[in-house]
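J.: So I've got this file, model-v9.txt, and it contains compact mmCIF, C-alpha atoms and all ligand atoms:
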# COMPACT_ATOMS: atom_id res chain seq x y z
CA MET U 252 -1.22 17.96 -44.07
CA THR U 253 -2.82 14.67 -45.18
CA GLY U 254 -3.86 11.56 -43.33
CA LYS U 255 -0.69 9.86 -44.66
CA THR U 256 1.81 12.09 -42.82
CA PRO U 257 3.00 10.34 -39.63
CA PHE U 258 1.49 11.73 -36.44
CA GLU U 259 3.07 14.90 -35.15
CA ALA U 260 1.71 17.07 -32.39
CA LEU U 261 0.66 20.54 -33.50
CA SER U 262 1.92 23.67 -31.79
CA VAL U 263 0.89 27.32 -31.86
CA GLU U 264 3.90 27.93 -34.10
CA THR U 265 3.31 25.11 -36.60
CA LEU U 266 -0.48 24.99 -36.88
CA ALA U 267 -0.88 27.57 -39.65
CA THR U 268 1.82 25.96 -41.81
CA ARG U 269 0.49 22.47 -41.30
CA LEU U 270 -3.22 23.21 -41.70
CA GLY U 271 -2.97 26.19 -44.07
CA THR U 272 -4.15 24.11 -47.06
CA ASN U 273 -6.92 22.28 -45.25
CA GLU U 274 -10.02 23.40 -47.11
CA ALA U 275 -12.41 22.57 -44.30
CA LEU U 276 -10.49 25.05 -42.17
CA THR U 277 -9.63 27.72 -44.75
CA GLY U 278 -13.23 27.67 -46.00
CA ARG U 279 -14.39 28.56 -42.49
CA ILE U 280 -11.78 31.01 -41.32
CA GLY U 281 -10.08 32.36 -44.44
CA GLU U 282 -7.08 31.38 -46.57
CA ASP U 283 -4.60 34.06 -45.54
CA THR U 284 -2.65 32.17 -42.90
CA SER U 285 -0.51 35.24 -42.17
CA ARG U 286 -3.66 36.69 -40.57
CA TRP U 287 -4.43 33.60 -38.45
CA LYS U 288 -4.25 33.92 -34.68
CA VAL U 289 -3.67 30.63 -32.88
CA ARG U 290 -4.14 30.00 -29.16
CA GLU U 291 -3.75 26.72 -27.25
CA VAL U 292 -6.55 26.62 -24.68
CA GLY U 293 -6.70 22.97 -23.62
CA ASP U 294 -7.33 22.75 -19.90
CA GLY U 295 -8.53 19.16 -19.86
CA ASN U 296 -6.53 16.15 -18.75
CA LEU U 297 -5.73 14.59 -22.10
CA ASN U 298 -5.50 16.65 -25.29
CA LEU U 299 -4.35 19.75 -27.16
CA VAL U 300 -7.10 22.24 -28.04
CA PHE U 301 -6.41 25.24 -30.29
CA ILE U 302 -8.65 28.14 -31.20
CA VAL U 303 -7.74 29.42 -34.67
CA GLU U 304 -9.08 32.78 -35.80
CA GLY U 305 -8.82 34.12 -39.36
CA ASP U 306 -10.36 36.91 -41.43
CA LYS U 307 -13.62 35.03 -41.99
CA GLY U 308 -14.19 33.33 -38.65
CA ALA U 309 -12.85 30.90 -36.09
CA ALA U 310 -12.64 27.15 -35.51
CA VAL U 311 -11.40 24.72 -32.90
CA VAL U 312 -8.66 22.20 -33.67
CA LYS U 313 -8.53 19.39 -31.13
CA GLN U 314 -5.68 16.90 -31.26
CA ALA U 315 -5.04 13.85 -29.13
CA LEU U 316 -1.55 13.31 -27.76
CA PRO U 317 0.01 9.85 -27.49
CA TYR U 318 0.03 10.19 -23.71
CA VAL U 319 -2.07 11.54 -20.83
CA ARG U 320 -1.40 15.28 -20.78
CA LEU U 321 -2.14 15.56 -17.06
CA VAL U 322 0.57 13.04 -16.18
CA GLY U 323 3.05 13.20 -19.08
CA ASP U 324 4.63 10.67 -21.43
CA SER U 325 5.14 8.17 -18.62
CA TRP U 326 1.45 7.29 -19.22
CA PRO U 327 1.02 6.43 -22.93
CA LEU U 328 -2.50 6.64 -24.34
CA PRO U 329 -3.47 5.67 -27.90
CA LEU U 330 -4.37 8.29 -30.47
CA LYS U 331 -7.40 6.26 -31.53
CA ARG U 332 -9.45 8.01 -28.83
CA SER U 333 -9.88 10.77 -31.39
CA PHE U 334 -11.52 8.25 -33.75
CA PHE U 335 -14.02 7.31 -31.02
CA GLU U 336 -14.68 10.94 -30.20
CA TYR U 337 -15.39 11.71 -33.86
CA HIS U 338 -17.74 8.76 -34.25
CA ALA U 339 -19.51 9.52 -30.97
CA LEU U 340 -20.04 13.14 -32.03
CA THR U 341 -21.61 12.11 -35.34
CA ARG U 342 -23.98 9.73 -33.57
CA GLN U 343 -24.89 12.30 -30.89
CA GLU U 344 -25.66 14.89 -33.59
CA ALA U 345 -27.91 12.40 -35.39
CA ARG U 346 -29.71 11.36 -32.19
CA ALA U 347 -29.90 14.75 -30.46
CA PRO U 348 -29.55 17.36 -33.24
CA GLY U 349 -27.91 20.64 -32.24
CA SER U 350 -26.49 19.32 -28.97
CA VAL U 351 -22.82 19.01 -29.99
CA PRO U 352 -20.37 21.20 -31.95
CA ALA U 353 -20.51 20.89 -35.75
CA ILE U 354 -17.66 18.80 -37.17
CA TYR U 355 -15.76 20.23 -40.16
CA HIS U 356 -12.96 17.68 -40.61
CA PHE U 357 -11.46 14.54 -39.08
CA ASP U 358 -7.91 13.28 -39.67
CA GLU U 359 -7.44 9.86 -38.13
CA THR U 360 -3.63 9.68 -38.51
CA GLN U 361 -3.11 13.11 -36.97
CA ALA U 362 -5.82 12.30 -34.37
CA LEU U 363 -7.37 15.68 -34.94
CA ILE U 364 -10.87 17.01 -35.24
CA ILE U 365 -11.63 20.45 -36.65
CA MET U 366 -14.92 21.67 -35.25
CA GLU U 367 -17.16 24.60 -34.54
CA TYR U 368 -15.79 27.30 -32.25
CA LEU U 369 -18.46 27.82 -29.63
CA SER U 370 -18.58 31.48 -28.65
CA PRO U 371 -19.43 33.12 -26.28
CA HIS U 372 -19.90 29.74 -24.58
CA ILE U 373 -17.91 28.90 -21.48
CA ILE U 374 -17.39 25.61 -19.65
CA LEU U 375 -20.39 24.89 -17.42
CA ARG U 376 -18.18 24.08 -14.43
CA ARG U 377 -16.67 27.57 -14.60
CA ALA U 378 -20.10 29.17 -14.76
CA LEU U 379 -21.27 27.22 -11.69
CA ILE U 380 -18.13 28.18 -9.74
CA GLU U 381 -18.82 31.83 -10.61
CA GLY U 382 -22.34 31.41 -9.25
CA ARG U 383 -24.14 31.84 -12.57
CA GLN U 384 -27.61 30.37 -12.88
CA LEU U 385 -28.15 29.07 -16.41
CA PRO U 386 -31.86 28.79 -17.12
CA ASN U 387 -31.81 26.02 -19.75
CA ILE U 388 -29.26 23.45 -18.67
CA ALA U 389 -31.67 21.01 -17.02
CA ARG U 390 -33.87 20.92 -20.10
CA ASP U 391 -31.01 20.73 -22.61
CA ILE U 392 -28.95 18.11 -20.79
CA GLY U 393 -31.99 16.05 -19.79
CA LEU U 394 -33.10 15.92 -23.44
CA PHE U 395 -29.57 15.13 -24.65
CA MET U 396 -29.23 12.20 -22.26
CA ALA U 397 -32.69 10.76 -22.95
CA ARG U 398 -32.28 11.01 -26.74
CA THR U 399 -28.74 9.71 -27.04
CA LEU U 400 -29.16 6.94 -24.47
CA PHE U 401 -32.53 5.73 -25.77
CA ARG U 402 -31.70 6.01 -29.47
CA GLY U 403 -28.33 4.27 -29.03
CA SER U 404 -29.88 1.19 -27.43
CA ASP U 405 -31.77 -1.96 -28.40
CA PHE U 406 -34.97 -0.12 -27.45
CA SER U 407 -34.58 1.79 -30.66
CA MET U 408 -31.82 0.59 -33.01
CA VAL U 409 -31.86 -2.17 -35.57
CA THR U 410 -30.02 -4.81 -33.56
CA LYS U 411 -27.60 -5.70 -36.38
CA GLU U 412 -26.51 -2.07 -36.58
CA ARG U 413 -26.27 -1.76 -32.81
CA LYS U 414 -24.09 -4.88 -32.58
CA ALA U 415 -21.79 -3.55 -35.33
CA ASP U 416 -21.49 -0.27 -33.44
CA LEU U 417 -20.88 -2.10 -30.19
CA ALA U 418 -17.99 -3.92 -31.87
CA LEU U 419 -16.58 -0.62 -33.17
CA PHE U 420 -16.58 1.08 -29.77
CA ALA U 421 -15.42 -2.06 -27.93
CA ASP U 422 -11.91 -1.11 -29.04
CA ASN U 423 -11.92 2.01 -26.86
CA VAL U 424 -10.19 -0.21 -24.31
CA GLU U 425 -7.67 2.20 -22.84
CA LEU U 426 -10.18 4.92 -22.04
CA CYS U 427 -12.51 2.39 -20.44
CA ASP U 428 -9.49 1.19 -18.46
CA ILE U 429 -8.99 4.74 -17.14
CA THR U 430 -12.58 4.85 -15.91
CA GLU U 431 -12.47 1.31 -14.54
CA ASN U 432 -9.45 2.14 -12.39
CA LEU U 433 -9.75 5.84 -11.64
CA VAL U 434 -13.47 5.86 -10.90
CA PHE U 435 -14.29 2.45 -9.48
CA SER U 436 -11.17 1.19 -7.72
CA ASP U 437 -8.39 3.71 -7.01
CA PRO U 438 -10.40 5.91 -4.60
CA TYR U 439 -10.88 2.93 -2.29
CA PHE U 440 -7.24 2.09 -1.63
CA ASP U 441 -4.01 4.08 -1.53
CA ALA U 442 -3.40 3.92 -5.28
CA LYS U 443 -0.22 5.59 -6.48
CA MET U 444 -1.68 8.65 -8.18
CA ASN U 445 -4.37 9.40 -5.59
CA ARG U 446 -4.34 12.62 -3.64
CA HIS U 447 -6.65 14.35 -1.21
CA THR U 448 -6.71 17.43 1.00
CA SER U 449 -4.40 16.33 3.78
CA PRO U 450 -4.21 16.13 6.74
CA GLN U 451 -7.77 17.50 7.05
CA LEU U 452 -9.45 14.56 5.30
CA ASP U 453 -7.08 11.78 6.41
CA ALA U 454 -9.37 10.26 9.04
CA LEU U 455 -12.45 10.30 6.81
CA VAL U 456 -10.50 8.85 3.89
CA ALA U 457 -9.26 5.98 6.11
CA GLU U 458 -12.85 5.39 7.25
CA LEU U 459 -14.15 5.23 3.67
CA ARG U 460 -11.38 2.89 2.57
CA ALA U 461 -12.18 0.57 5.45
CA ASP U 462 -15.88 0.58 4.63
CA ARG U 463 -16.65 -2.91 3.33
CA ASP U 464 -20.20 -2.09 2.16
CA LEU U 465 -18.92 0.85 0.15
CA LYS U 466 -16.14 -1.16 -1.48
CA VAL U 467 -18.52 -3.97 -2.41
CA GLU U 468 -20.97 -1.45 -3.85
CA ALA U 469 -18.23 0.23 -5.89
CA GLN U 470 -17.24 -3.14 -7.33
CA ARG U 471 -20.86 -4.06 -8.12
CA LEU U 472 -21.08 -0.79 -10.04
CA LYS U 473 -17.80 -1.51 -11.82
CA HIS U 474 -19.22 -4.92 -12.77
CA LEU U 475 -22.30 -3.21 -14.17
CA PHE U 476 -20.18 -0.68 -16.05
CA ALA U 477 -18.03 -3.39 -17.62
CA ALA U 478 -20.72 -5.97 -18.36
CA ASN U 479 -23.88 -4.06 -19.29
CA ALA U 480 -23.35 -2.85 -22.87
CA GLU U 481 -26.76 -1.21 -22.98
CA THR U 482 -26.25 1.93 -25.05
CA LEU U 483 -23.65 4.27 -26.51
CA LEU U 484 -22.56 6.46 -23.59
CA HIS U 485 -20.88 9.83 -23.73
CA GLY U 486 -18.66 8.22 -21.10
CA ASP U 487 -17.36 11.39 -19.40
CA LEU U 488 -20.42 13.59 -19.01
CA HIS U 489 -19.38 16.01 -16.27
CA SER U 490 -19.75 19.79 -16.04
CA GLY U 491 -16.32 20.22 -17.69
CA SER U 492 -17.69 18.45 -20.79
CA ILE U 493 -20.51 20.94 -21.33
CA MET U 494 -20.34 24.44 -22.82
CA VAL U 495 -23.01 27.02 -22.11
CA THR U 496 -24.40 30.47 -22.68
CA ASP U 497 -27.54 31.73 -20.98
CA THR U 498 -29.57 30.20 -23.79
CA GLU U 499 -27.48 27.42 -25.31
CA THR U 500 -25.96 24.15 -24.11
CA ARG U 501 -23.55 21.91 -26.03
CA MET U 502 -21.96 18.66 -24.97
CA ILE U 503 -18.30 18.18 -25.93
CA ASP U 504 -15.44 15.67 -25.50
CA PRO U 505 -17.05 12.22 -25.86
CA GLU U 506 -13.71 10.45 -26.30
CA PHE U 507 -14.63 8.00 -23.50
CA ALA U 508 -17.65 6.85 -25.54
CA PHE U 509 -18.46 3.15 -25.40
CA TYR U 510 -21.42 0.84 -24.86
CA GLY U 511 -22.31 0.75 -21.17
CA PRO U 512 -25.20 1.22 -18.74
CA MET U 513 -27.52 4.19 -19.32
CA ALA U 514 -27.32 5.19 -15.68
CA PHE U 515 -23.59 5.93 -15.95
CA ASP U 516 -23.94 9.17 -17.92
CA VAL U 517 -26.91 10.32 -15.84
CA GLY U 518 -25.22 9.51 -12.52
CA MET U 519 -21.92 11.16 -13.45
CA LEU U 520 -23.72 14.31 -14.59
CA LEU U 521 -25.90 14.63 -11.48
CA ALA U 522 -22.87 13.96 -9.26
CA ASN U 523 -21.22 17.01 -10.77
CA PHE U 524 -24.24 19.17 -9.90
CA TRP U 525 -24.16 17.85 -6.34
CA MET U 526 -20.43 18.56 -6.10
CA ALA U 527 -21.09 22.08 -7.39
CA PHE U 528 -23.69 22.36 -4.60
CA PHE U 529 -21.28 21.28 -1.84
CA SER U 530 -18.49 23.50 -3.17
CA GLN U 531 -20.54 26.72 -3.08
CA ARG U 532 -19.60 27.29 0.59
CA GLY U 533 -16.03 27.75 -0.60
CA HIS U 534 -16.98 30.46 -3.10
CA GLU U 535 -18.83 32.87 -0.83
CA GLN U 536 -16.15 35.57 -0.56
CA SER U 537 -18.23 38.01 -2.56
CA GLY U 538 -21.63 37.07 -1.14
CA LYS U 539 -23.75 34.22 0.14
CA ARG U 540 -24.62 31.47 -2.29
CA ASP U 541 -27.97 30.35 -0.81
CA ALA U 542 -29.84 31.06 -4.03
CA MET U 543 -27.18 29.26 -6.05
CA ARG U 544 -27.45 26.21 -3.78
CA ALA U 545 -31.24 26.15 -4.21
CA TYR U 546 -30.77 26.55 -7.97
CA LEU U 547 -28.37 23.60 -8.15
CA LEU U 548 -30.71 21.27 -6.31
CA ASP U 549 -33.54 22.40 -8.56
CA VAL U 550 -31.34 21.68 -11.60
CA THR U 551 -30.78 18.10 -10.46
CA ALA U 552 -34.52 17.58 -9.95
CA GLN U 553 -35.41 19.20 -13.29
CA THR U 554 -32.73 17.30 -15.21
CA TRP U 555 -34.00 13.98 -13.89
CA SER U 556 -37.60 14.99 -14.57
CA VAL U 557 -36.85 16.09 -18.17
CA PHE U 558 -34.87 12.89 -18.72
CA ARG U 559 -37.75 10.70 -17.49
CA THR U 560 -40.38 12.57 -19.47
CA GLU U 561 -38.42 12.47 -22.73
CA PHE U 562 -37.32 8.87 -22.21
CA SER U 563 -40.98 7.89 -21.60
CA HIS U 564 -42.05 9.79 -24.72
CA LEU U 565 -39.44 7.96 -26.82
CA TRP U 566 -40.50 4.66 -25.24
CA ARG U 567 -44.07 5.25 -26.39
CA THR U 568 -43.28 6.62 -29.83
CA GLU U 569 -39.91 5.18 -30.99
CA ARG U 570 -39.64 1.76 -29.35
CA ASN U 571 -38.84 -0.08 -32.56
CA GLY U 572 -35.85 -2.15 -31.42
CA MET U 573 -35.79 -5.79 -30.40
CA LEU U 574 -36.41 -5.17 -26.68
CA TYR U 575 -39.94 -5.00 -25.24
CA GLN U 576 -41.40 -5.15 -28.76
CA LYS U 577 -44.69 -3.48 -29.45
CA SER U 578 -45.84 -6.81 -30.91
CA LEU U 579 -45.91 -8.15 -27.35
CA PHE U 580 -47.67 -5.16 -25.81
CA GLU U 581 -49.38 -2.33 -27.72
CA ASP U 582 -50.15 -4.49 -30.77
CA GLN U 583 -52.10 -6.81 -28.49
CA GLY U 584 -53.96 -3.98 -26.85
CA ASP U 585 -51.71 -4.21 -23.76
CA ARG U 586 -50.56 -0.62 -23.32
CA LEU U 587 -50.42 -1.16 -19.57
CA GLY U 588 -47.81 -3.89 -20.05
CA ALA U 589 -45.60 -1.46 -21.96
CA GLU U 590 -46.01 1.12 -19.16
CA GLN U 591 -45.15 -1.49 -16.53
CA ALA U 592 -41.97 -2.38 -18.43
CA LEU U 593 -41.07 1.31 -18.77
CA ASP U 594 -41.49 1.71 -15.04
CA HIS U 595 -39.03 -1.15 -14.42
CA VAL U 596 -36.48 0.31 -16.82
CA LEU U 597 -36.67 3.78 -15.23
CA HIS U 598 -36.44 2.29 -11.74
CA GLN U 599 -33.30 0.41 -12.69
CA ILE U 600 -31.73 3.56 -14.14
CA TRP U 601 -32.62 5.43 -10.94
CA ASP U 602 -31.08 2.81 -8.61
CA ASP U 603 -27.91 2.60 -10.64
CA LEU U 604 -27.44 6.32 -11.26
CA LEU U 605 -27.34 6.98 -7.51
CA GLY U 606 -24.51 4.45 -7.19
CA PHE U 607 -22.55 5.92 -10.09
CA ALA U 608 -23.12 9.42 -8.71
CA GLY U 609 -21.82 8.46 -5.26
CA ILE U 610 -18.58 7.02 -6.53
CA GLU U 611 -18.05 9.85 -9.04
CA VAL U 612 -18.11 12.21 -6.05
CA HIS U 613 -15.53 10.06 -4.29
CA ARG U 614 -13.11 9.77 -7.16
CA ARG U 615 -13.09 13.55 -7.74
CA ILE U 616 -11.98 14.13 -4.15
CA LEU U 617 -9.82 11.05 -3.46
CA GLY U 618 -8.42 10.05 -6.85
CA LEU U 619 -6.15 11.52 -9.52
CA ALA U 620 -8.52 13.81 -11.46
CA HIS U 621 -10.02 16.45 -9.18
CA ASN U 622 -12.71 19.07 -9.91
CA ALA U 623 -12.05 22.79 -10.09
CA ASP U 624 -15.22 23.25 -7.99
CA PHE U 625 -13.22 22.18 -4.94
CA GLU U 626 -9.67 22.77 -6.20
CA THR U 627 -10.23 26.50 -6.61
CA ILE U 628 -11.08 26.89 -2.91
CA ALA U 629 -7.76 28.28 -1.71
CA ASP U 630 -8.43 27.93 2.05
CA GLU U 631 -7.62 24.26 2.63
CA ASP U 632 -9.69 23.93 5.81
CA LEU U 633 -12.72 25.34 4.05
CA ARG U 634 -12.09 23.13 1.02
CA ALA U 635 -11.82 20.07 3.25
CA THR U 636 -15.12 20.96 4.95
CA CYS U 637 -16.87 21.12 1.57
CA GLU U 638 -15.20 17.92 0.40
CA ALA U 639 -16.01 16.01 3.59
CA ARG U 640 -19.70 16.82 3.19
CA ALA U 641 -19.64 15.66 -0.41
CA LEU U 642 -17.81 12.46 0.53
CA LYS U 643 -20.40 11.58 3.18
CA PHE U 644 -23.21 12.36 0.78
CA GLY U 645 -21.57 10.17 -1.90
CA ARG U 646 -21.19 7.27 0.50
CA HIS U 647 -24.80 7.50 1.61
CA ILE U 648 -26.34 7.51 -1.86
CA ALA U 649 -24.05 4.76 -3.17
CA VAL U 650 -24.62 2.36 -0.30
CA ASN U 651 -28.31 3.09 0.30
CA ARG U 652 -29.34 3.56 -3.31
CA ARG U 653 -32.00 0.85 -3.29
CA HIS U 654 -33.79 2.53 -0.38
CA ILE U 655 -33.87 6.03 -1.83
CA HIS U 656 -36.98 6.57 -3.92
CA SER U 657 -36.98 10.13 -5.20
CA ILE U 658 -34.72 12.95 -6.24
CA ASP U 659 -36.33 15.13 -3.55
CA GLU U 660 -35.13 12.64 -0.95
CA VAL U 661 -31.57 12.94 -2.28
CA ASN U 662 -31.75 16.72 -2.40
CA ASN U 663 -33.16 16.90 1.13
CA LEU U 664 -30.24 14.79 2.27
CA ALA U 665 -27.78 17.12 0.49
CA ALA U 666 -29.41 20.15 2.12
CA LEU U 667 -29.32 18.51 5.56
CA ILE U 668 -25.66 17.59 5.26
CA GLU U 669 -24.88 21.11 4.07
CA GLN U 670 -26.80 22.77 6.93
CA GLU U 671 -26.15 20.47 9.83
CA ASN U 672 -23.45 18.11 8.68
CA ARG U 673 -25.61 15.17 9.81
CA ILE U 674 -25.18 11.45 9.01
C1 LIG A 1 -6.19 10.47 -16.79
S1 LIG A 1 -7.67 11.10 -17.31
C2 LIG A 1 -8.52 11.60 -15.89
C3 LIG A 1 -9.90 11.99 -16.13
O1 LIG A 1 -9.98 13.03 -17.08
C4 LIG A 1 -11.06 12.80 -17.97
O2 LIG A 1 -11.80 13.94 -18.18
C5 LIG A 1 -11.86 11.68 -17.35
O3 LIG A 1 -12.84 12.18 -16.45
C6 LIG A 1 -10.81 10.91 -16.67
O4 LIG A 1 -11.31 10.05 -15.67
MG MG A 2 -12.66 15.45 -21.43
How does the structure come out when it is put into structure tokens?
Ligand code: SR1
Ligand code: MG
T.:
Amino acid sequence: MTGKTPFEALSVETLATRLGTNEALTGRIGEDTSRWKVREVGDGNLNLVFIVEGDKGAAVVKQALPYVRLVGDSWPLPLKRSFFEYHALTRQEARAPGSVPAIYHFDETQALIIMEYLSPHIILRRALIEGRQLPNIARDIGLFMARTLFRGSDFSMVTKERKADLALFADNVELCDITENLVFSDPYFDAKMNRHTSPQLDALVAELRADRDLKVEAQRLKHLFAANAETLLHGDLHSGSIMVTDTETRMIDPEFAFYGPMAFDVGMLLANFWMAFFSQRGHEQSGKRDAMRAYLLDVTAQTWSVFRTEFSHLWRTERNGMLYQKSLFEDQGDRLGAEQALDHVLHQIWDDLLGFAGIEVHRRILGLAHNADFETIADEDLRATCEARALKFGRHIAVNRRHIHSIDEVNNLAALIEQENRI
């Protein structure tokens, strides 16, 4: 199959015939296609994902479809998202080596990426639902975010190159449009594709949708998301976009990549840890999850701490871009000025990440794309209890973000809501 063949979706039946002469693939897994085993394992909302095993090894073949898989062909979606995913992965590998799967081949016309098969990795969300405590995720994800967000910005890049890259990713319009609607607007009115646990949450949902402060805050955050092209974001950094073992962590699926505010990736990621925290109550059939809850709050604190430490280190050692130039500060003996500026930047990220986290929680409970953390709680009353706590938490941190000064404060609030259902 070459880049000139018109797009055609792969299937388990056709993959070996169509990719049997692709040297990037045969070189990895073996040439004897009669021995290939092909499985389709995509459980995301958008794409096909195949695991192909041959005599020599295995690889993943990911292919975009011309529509949203979750909804069907009534919602067309351009294949070019695969192009953005490929280019985001190459930049993430350069900026945070070893943090993403290795790429073996990209075919733009077929919208497919052949990449490393991560094994025995599993999706982080699944591990957290099972109650597994991964020892390295805070360190690995904190480093990934600091390195990719700092090194993709005008703190670090040659501005001509950054502007060219900004122009390249500006065309990822349709995936930004998904986020702009699904995350920032749909949860706050009765949009067509919304759903929530009903009737249990009906009253709370009505209350949130009537909450003027919350709606204004969500729109301020949408404004920030759309207008602040600060760095190359992953764009969809939740616990379903991370694969783990006890010792390894890899970020996957950056097809939503575009230039936006640093705090978006950090806020979305932490929101998913807080949702995992509030969902634990629903997964206690085979034992209490107190230790898991404590672990999850510790992970949020450690992730933020690692992020800040690494970001500060990069600020002091790699700040070679056009913003806050060393010529204005260190080169004039004013190291304190550079530290003061760093403090402002980190404060801004903190304020904004709490807002993004709050609304990410809301959209996963009120919008179209829900999280397995809650969805796998079969008892609907119990699920609604968990979701209601998360919704109240999300509202509080989004609306009061400028008055919350530390991650411990946020985690204390989460623990209080979980124990006493206050607010
Ligand atoms: C229609 S796509 C819904 C969601 O799935 C993706 O993973 C993104 O999170 C998106 O918002
Ligand atoms: Mg995805």
J.: Please identify every polymer residue within 7 Å of ligand LIG 1 (chain A), using only C-alpha atoms and all ligand atoms, and present the set as a VMD selection string.
T.: chain U and resid 295 to 297 319 321 429 to 430 433 to 434 487 619 to 620
J.: Filtering to C-alpha atoms, could you give me those residues as a PDB file, in the coordinates of the input?
T.:
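This went into part-v5.pdb:
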ATOM      1  CA  GLY U 295      -8.530  19.160 -19.860  1.00  0.00           C
ATOM      2  CA  ASN U 296      -6.530  16.150 -18.750  1.00  0.00           C
ATOM      3  CA  LEU U 297      -5.730  14.590 -22.100  1.00  0.00           C
ATOM      4  CA  VAL U 319      -2.070  11.540 -20.830  1.00  0.00           C
ATOM      5  CA  LEU U 321      -2.140  15.560 -17.060  1.00  0.00           C
ATOM      6  CA  ILE U 429      -8.990   4.740 -17.140  1.00  0.00           C
ATOM      7  CA  THR U 430     -12.580   4.850 -15.910  1.00  0.00           C
ATOM      8  CA  LEU U 433      -9.750   5.840 -11.640  1.00  0.00           C
ATOM      9  CA  VAL U 434     -13.470   5.860 -10.900  1.00  0.00           C
ATOM     10  CA  ASP U 487     -17.360  11.390 -19.400  1.00  0.00           C
ATOM     11  CA  LEU U 619      -6.150  11.520  -9.520  1.00  0.00           C
ATOM     12  CA  ALA U 620      -8.520  13.810 -11.460  1.00  0.00           C
TER      13      ALA U 620
END
J.: Please, which residues in chain U fall within 10 Å of ligand MG 2 (chain A) when counting all atoms listed in the file, and what is the closest atom pair and distance in Å to one decimal for each, ordered by chain then residue number, as CSV?
T.:
residue,atom,partner,partner_atom,distance
U:Gly293,CA,A:MG2,MG,9.8
U:Asp294,CA,A:MG2,MG,9.2
U:Gly295,CA,A:MG2,MG,5.8
U:Asn296,CA,A:MG2,MG,6.7
U:Leu297,CA,A:MG2,MG,7.0
U:Asn298,CA,A:MG2,MG,8.2
U:Gly486,CA,A:MG2,MG,9.4
U:Asp487,CA,A:MG2,MG,6.5
U:Leu488,CA,A:MG2,MG,8.3
U:His489,CA,A:MG2,MG,8.5
U:Ser490,CA,A:MG2,MG,9.9
U:Gly491,CA,A:MG2,MG,7.1
U:Ser492,CA,A:MG2,MG,5.9
U:Ile493,CA,A:MG2,MG,9.6
U:Ile503,CA,A:MG2,MG,7.7
U:Asp504,CA,A:MG2,MG,4.9
U:Pro505,CA,A:MG2,MG,7.0
U:Glu506,CA,A:MG2,MG,7.1
U:Phe507,CA,A:MG2,MG,8.0
J.: For the residues in the current selection, export C-alpha atoms as a compact mmCIF listing (two decimals), keeping the file's coordinate frame.
T.:
# COMPACT_ATOMS: atom_id res chain seq x y z
CA GLY U 293 -6.70 22.97 -23.62
CA ASP U 294 -7.33 22.75 -19.90
CA GLY U 295 -8.53 19.16 -19.86
CA ASN U 296 -6.53 16.15 -18.75
CA LEU U 297 -5.73 14.59 -22.10
CA ASN U 298 -5.50 16.65 -25.29
CA GLY U 486 -18.66 8.22 -21.10
CA ASP U 487 -17.36 11.39 -19.40
CA LEU U 488 -20.42 13.59 -19.01
CA HIS U 489 -19.38 16.01 -16.27
CA SER U 490 -19.75 19.79 -16.04
CA GLY U 491 -16.32 20.22 -17.69
CA SER U 492 -17.69 18.45 -20.79
CA ILE U 493 -20.51 20.94 -21.33
CA ILE U 503 -18.30 18.18 -25.93
CA ASP U 504 -15.44 15.67 -25.50
CA PRO U 505 -17.05 12.22 -25.86
CA GLU U 506 -13.71 10.45 -26.30
CA PHE U 507 -14.63 8.00 -23.50
J.: Report, as lines of an AutoDock Vina configuration file, the axis-aligned box around all atoms of stretch 473-490 of chain U present in the file, extended by 8 Å on each side; give centre and edge lengths in Å to one decimal place.
T.:
center_x = -22.1
center_y = 6.9
center_z = -19.2
size_x = 25.4
size_y = 41.8
size_z = 30.7
J.: Return the single residue from U:Arg279, U:Arg402, U:His654, U:Lys577 that is closest to U:Ala347, with distances computed using only C-alpha atoms.
T.: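 The shortest atom-to-atom distance to U:Ala347 comes from U:Arg402.
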J.: Between U:Lys313, U:Arg413, U:His534, U:Arg383, which is the closest to U:Thr482 once you count all atoms listed in the file?
T.: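 Of all the options, U:Arg413 lies closest to U:Thr482.
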J.: If we count all atoms listed in the file and set the cut-off at 12 Å, which residues sit around U:Lys443, ignoring sequence neighbours fewer than 5 positions away in its own chain? Please answer as a list in words.
T.: Asn432, Leu433, Ser436, Asp437, Pro438, Leu617, Gly618 and Leu619 of chain U
J.: Store the residues picked out above, limited to C-alpha atoms, as an mmCIF file, in the coordinates of the input.
T.:
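Final output, again-v1.cif:
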data_model
loop_
_atom_site.group_PDB
_atom_site.id
_atom_site.type_symbol
_atom_site.label_atom_id
_atom_site.label_comp_id
_atom_site.auth_asym_id
_atom_site.auth_seq_id
_atom_site.Cartn_x
_atom_site.Cartn_y
_atom_site.Cartn_z
ATOM 1 C CA ASN U 432 -9.450 2.140 -12.390
ATOM 2 C CA LEU U 433 -9.750 5.840 -11.640
ATOM 3 C CA SER U 436 -11.170 1.190 -7.720
ATOM 4 C CA ASP U 437 -8.390 3.710 -7.010
ATOM 5 C CA PRO U 438 -10.400 5.910 -4.600
ATOM 6 C CA LEU U 617 -9.820 11.050 -3.460
ATOM 7 C CA GLY U 618 -8.420 10.050 -6.850
ATOM 8 C CA LEU U 619 -6.150 11.520 -9.520
#
J.: Using all atoms listed in the file, which residue out of U:Asn571, U:Ala589, U:Ser370, U:Ile600 lies closest to U:Glu481?
T.: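 Among U:Asn571, U:Ala589, U:Ser370, U:Ile600, it is U:Ile600 that comes nearest to U:Glu481.
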J.: Excluding U:Asp283 and residues on its chain fewer than 5 positions from it, collect all residues at most 9 Å away from it, counting all atoms listed in the file, and give them as a ChimeraX atom specification.
T.: /U:271,277,305-306
